[in-house]
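Peer 1: If you scroll down you'll find the structure; I have some questions about it.
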Amino acid sequence: MRLERFASKEDLYARAVDIIVSTKNEGATTFGLATGGTMEPLYSKICETDIDFTNCISFNLDEYVGLSAKHEQSYAYYMYKHLFHNKPFKESYLPNGLAHNPAEEMASYESLLQQHPLDFQLLGIGQNGHIGFNEPGTSFDSLTHLVTLEESTRQANARFFDSIDDVPTQAFTMGIQSIMRAKCILLIAVGEAKRDVLERVLASEYTEDVPASVLTKHPNIIILTDLQKEENEQ
Ligand code: F6R
């Protein structure tokens, strides 16, 4: 596990772009992508580069159940707005939030992931330690599945909706095992709200109560943060 701390967000996102560009230059073709506030500056910086993903495939971590790809708060819409409009991939996959048969949707997404092993996975982190939408208590062996979102997650994401009532209650997410299969993982944790959870991960707690703690066992993970050590820390 490699941790890099940055004094400025500017430097942090520049480093994240460098990692993605060099991963691609080294031959990566399958990219796992994330959404959320953390990724917006990153995608905006990627759009300023000349990186070309047209020979690459992307898989998003998750999608809200009940939202169509045209809904402005769907992750499909987010990806188009922040990245794909400018940096298209050969193929881009997200779970289908309107799938009539959730069991089939989960199985087919997982099977696609297994057919196209991820060279790289980008991750943000929830204040409760979620990665993707794998909420605390999710099995480390989980594959793509349907989740009921925690109230705290709905509240954290309510800022993107008109009101909390509009935030979906369920989502499809890659499982923890699906994420851990990626050859390389880049986790970005920015802002004070992520301090407590990042400290728990860095303390190498390994518990399903903190889903991101599984990452301490990944052979090739880089964590970038703008959080500095507290004075009383070693
Ligand atoms: C998004 C995702 C989530 C977010 C996490 C942090 O696709 O999978 O795990 O990365 O909720 O969200 P922000 O960046 O908005 O704090």
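Residue names in the structure tokens use chain letters A, B, ... in the order shown, residue numbers from 1 in each chain, and ligand numbers from 1 in the order shown.
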Report the closest atom pair, with its distance in Å rounded to one decimal, for each residue of chain A that has an atom no farther than 10 Å from ligand 1; count only C-alpha atoms and all ligand atoms, sort by chain and then rising residue number, and write it as a tab-separated table.

Peer 2:
residue	atom	partner	partner_atom_place_in_ligand_line	distance
A:Gly32	CA	ligand 1	7 (O)	9.9
A:Leu33	CA	ligand 1	7 (O)	7.3
A:Ala34	CA	ligand 1	7 (O)	3.9
A:Thr35	CA	ligand 1	7 (O)	3.7
A:Gly36	CA	ligand 1	15 (O)	3.5
A:Gly37	CA	ligand 1	15 (O)	3.8
A:Thr38	CA	ligand 1	14 (O)	3.6
A:Met39	CA	ligand 1	14 (O)	6.1
A:Glu40	CA	ligand 1	14 (O)	8.2
A:Asn60	CA	ligand 1	7 (O)	7.0
A:Leu61	CA	ligand 1	7 (O)	5.5
A:Asp62	CA	ligand 1	7 (O)	5.5
A:Glu63	CA	ligand 1	7 (O)	7.5
A:Tyr64	CA	ligand 1	7 (O)	9.7
A:Tyr75	CA	ligand 1	7 (O)	7.3
A:Tyr78	CA	ligand 1	7 (O)	9.8
A:Met79	CA	ligand 1	7 (O)	9.8
A:Leu122	CA	ligand 1	10 (O)	8.7
A:Leu123	CA	ligand 1	10 (O)	5.7
A:Gly124	CA	ligand 1	10 (O)	3.3
A:Ile125	CA	ligand 1	5 (C)	4.5
A:Gly126	CA	ligand 1	11 (O)	4.2
A:Gln127	CA	ligand 1	6 (C)	7.4
A:Asn128	CA	ligand 1	11 (O)	8.9
A:Gly129	CA	ligand 1	9 (O)	8.4
A:His130	CA	ligand 1	9 (O)	5.7
A:Ile131	CA	ligand 1	9 (O)	4.3
A:Gly132	CA	ligand 1	8 (O)	3.2
A:Phe133	CA	ligand 1	9 (O)	5.3
A:Asn134	CA	ligand 1	9 (O)	7.6
A:Glu135	CA	ligand 1	9 (O)	9.0
A:Thr153	CA	ligand 1	11 (O)	7.1
A:Arg154	CA	ligand 1	11 (O)	9.5
A:Ala156	CA	ligand 1	15 (O)	7.5
A:Asn157	CA	ligand 1	15 (O)	6.8
A:Arg159	CA	ligand 1	15 (O)	9.2
A:Phe160	CA	ligand 1	15 (O)	9.1
A:Thr173	CA	ligand 1	8 (O)	7.7
A:Met174	CA	ligand 1	8 (O)	8.9
A:Leu187	CA	ligand 1	10 (O)	8.9
A:Ile188	CA	ligand 1	14 (O)	8.4
A:Ala189	CA	ligand 1	14 (O)	7.9
A:Val190	CA	ligand 1	16 (O)	7.8
A:Gly191	CA	ligand 1	16 (O)	8.5
A:Ala193	CA	ligand 1	16 (O)	8.4
A:Lys194	CA	ligand 1	16 (O)	8.0
A:Ala212	CA	ligand 1	9 (O)	9.6

Peer 1: For Gln155 in chain A, please output as a list in words all residues within 12 Å (counting only C-alpha atoms; exclusion window: fewer than 3 positions along the same chain).

Peer 2: Gly126, Gln127, Asn128, Leu149, Glu150, Glu151, Ser152, Ala158, Arg159, Phe160, Phe161, Asp162, Ser163, Ile164, Asp165, Asp166, Val167, Pro168 and Thr169 of chain A

Peer 1: Smallest atom-to-atom distance to Asp141 in chain A: which of A:Leu112, A:Leu118, A:Met180, A:Ala76, using only C-alpha atoms?

Peer 2: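 When distances to Asp141 in chain A are compared using only C-alpha atoms, the smallest one comes from A:Met180.
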
Peer 1: If you count only C-alpha atoms, which residues fall within 9 Å of Val201 in chain A, apart from same-chain ones fewer than 2 positions away, as a PDB file with C-alpha atoms, in the first residue's frame?

Peer 2:
ATOM      1  CA  GLY A 129     -15.774   3.369   4.451  1.00  0.00           C
ATOM      2  CA  ASP A 196     -11.556   9.393  10.232  1.00  0.00           C
ATOM      3  CA  VAL A 197     -12.229   6.688   7.722  1.00  0.00           C
ATOM      4  CA  LEU A 198      -8.840   7.080   6.040  1.00  0.00           C
ATOM      5  CA  GLU A 199      -7.147   6.758   9.419  1.00  0.00           C
ATOM      6  CA  ALA A 203      -4.257   1.682  10.701  1.00  0.00           C
ATOM      7  CA  SER A 204      -4.650  -1.566   8.750  1.00  0.00           C
ATOM      8  CA  GLU A 205      -7.845  -2.547  10.426  1.00  0.00           C
ATOM      9  CA  TYR A 206      -9.140  -5.432   8.330  1.00  0.00           C
ATOM     10  CA  VAL A 210     -14.982  -0.760   7.016  1.00  0.00           C
ATOM     11  CA  ALA A 212     -12.189  -0.006   2.265  1.00  0.00           C
ATOM     12  CA  SER A 213     -10.015  -1.801   4.821  1.00  0.00           C
ATOM     13  CA  VAL A 214      -9.895  -4.754   2.415  1.00  0.00           C
ATOM     14  CA  LEU A 215      -7.587  -2.632   0.262  1.00  0.00           C
ATOM     15  CA  THR A 216      -4.742  -3.063   2.751  1.00  0.00           C
TER      16      THR A 216
END

Peer 1: Give me, as a ChimeraX atom specification, the residues of range 33-215 of chain A that a backbone DSSP run labels helix (DSSP H, G or I).

Peer 2: /A:39-47,75-84,102-115,151-160,164-166,176-180,192-202,211-215

Peer 1: In Å, with one decimal, what is the gap from CA of Phe120 in chain A to CA of Cys184 in chain A?

Peer 2: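 Interatomic distance, CA of Phe120 in chain A to CA of Cys184 in chain A: 4.8 Å.
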
Peer 1: Would you pick out the contacts of Tyr93 in chain A at 9 Å or less, using only C-alpha atoms, so that residues sharing its chain but fewer than 2 positions from it are not included, and give the list as a PDB file with N, CA and C atoms, in the first residue's frame?

Peer 2:
ATOM      1  N   ILE A  57     -11.561  -0.117 -22.661  1.00  0.00           N
ATOM      2  CA  ILE A  57     -12.916  -0.429 -22.194  1.00  0.00           C
ATOM      3  C   ILE A  57     -13.049   0.103 -20.770  1.00  0.00           C
ATOM      4  N   SER A  58     -14.202   0.664 -20.450  1.00  0.00           N
ATOM      5  CA  SER A  58     -14.404   1.117 -19.065  1.00  0.00           C
ATOM      6  C   SER A  58     -15.595   0.408 -18.431  1.00  0.00           C
ATOM      7  N   PHE A  59     -15.467   0.221 -17.139  1.00  0.00           N
ATOM      8  CA  PHE A  59     -16.555  -0.323 -16.323  1.00  0.00           C
ATOM      9  C   PHE A  59     -16.763   0.611 -15.151  1.00  0.00           C
ATOM     10  N   ASN A  60     -17.970   1.077 -14.948  1.00  0.00           N
ATOM     11  CA  ASN A  60     -18.194   1.875 -13.745  1.00  0.00           C
ATOM     12  C   ASN A  60     -18.530   0.988 -12.568  1.00  0.00           C
ATOM     13  N   ALA A  76     -24.530   7.123 -15.340  1.00  0.00           N
ATOM     14  CA  ALA A  76     -24.289   7.101 -16.783  1.00  0.00           C
ATOM     15  C   ALA A  76     -24.227   8.539 -17.303  1.00  0.00           C
ATOM     16  N   GLU A  91     -15.602   0.855 -25.571  1.00  0.00           N
ATOM     17  CA  GLU A  91     -16.870   0.411 -24.980  1.00  0.00           C
ATOM     18  C   GLU A  91     -16.884   0.883 -23.537  1.00  0.00           C
ATOM     19  N   PRO A  95     -23.801  -0.620 -14.838  1.00  0.00           N
ATOM     20  CA  PRO A  95     -25.017  -1.405 -14.617  1.00  0.00           C
ATOM     21  C   PRO A  95     -26.222  -0.606 -15.109  1.00  0.00           C
ATOM     22  N   ASN A  96     -27.241  -1.327 -15.555  1.00  0.00           N
ATOM     23  CA  ASN A  96     -28.452  -0.669 -16.049  1.00  0.00           C
ATOM     24  C   ASN A  96     -29.427  -0.448 -14.891  1.00  0.00           C
ATOM     25  N   TYR A 109     -23.402  -8.334 -15.498  1.00  0.00           N
ATOM     26  CA  TYR A 109     -22.327  -7.346 -15.275  1.00  0.00           C
ATOM     27  C   TYR A 109     -21.084  -8.054 -14.734  1.00  0.00           C
ATOM     28  N   LEU A 112     -19.363  -9.926 -17.515  1.00  0.00           N
ATOM     29  CA  LEU A 112     -18.593  -9.019 -18.389  1.00  0.00           C
ATOM     30  C   LEU A 112     -17.259  -8.649 -17.738  1.00  0.00           C
TER      31      LEU A 112
END

Peer 1: What parts of range 17-232 of chain A does DSSP call strand (DSSP E)? I'd like the answer as JSON, numbers by chain.

Peer 2: {"A": [30, 31, 32, 33, 57, 58, 59, 60, 62, 63, 64, 91, 92, 93, 120, 121, 122, 123, 145, 146, 147, 148, 170, 171, 172, 173, 184, 185, 186, 187, 188, 189, 221, 222, 223, 224, 225]}

Peer 1: Within 10 Å of Arg181 in chain A, counting only C-alpha atoms, which residues show up once you throw out same-chain ones fewer than 3 positions away? Write them as a PyMOL selection string, please.

Peer 2: chain A and resi 113-114+117-121+176-178+184-185+218

Peer 1: Have a look at CA of Ile46 in chain A and CA of Val17 in chain A and let me know their distance in Å, one decimal.

Peer 2: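 Going from CA of Ile46 in chain A over to CA of Val17 in chain A covers 6.2 Å.
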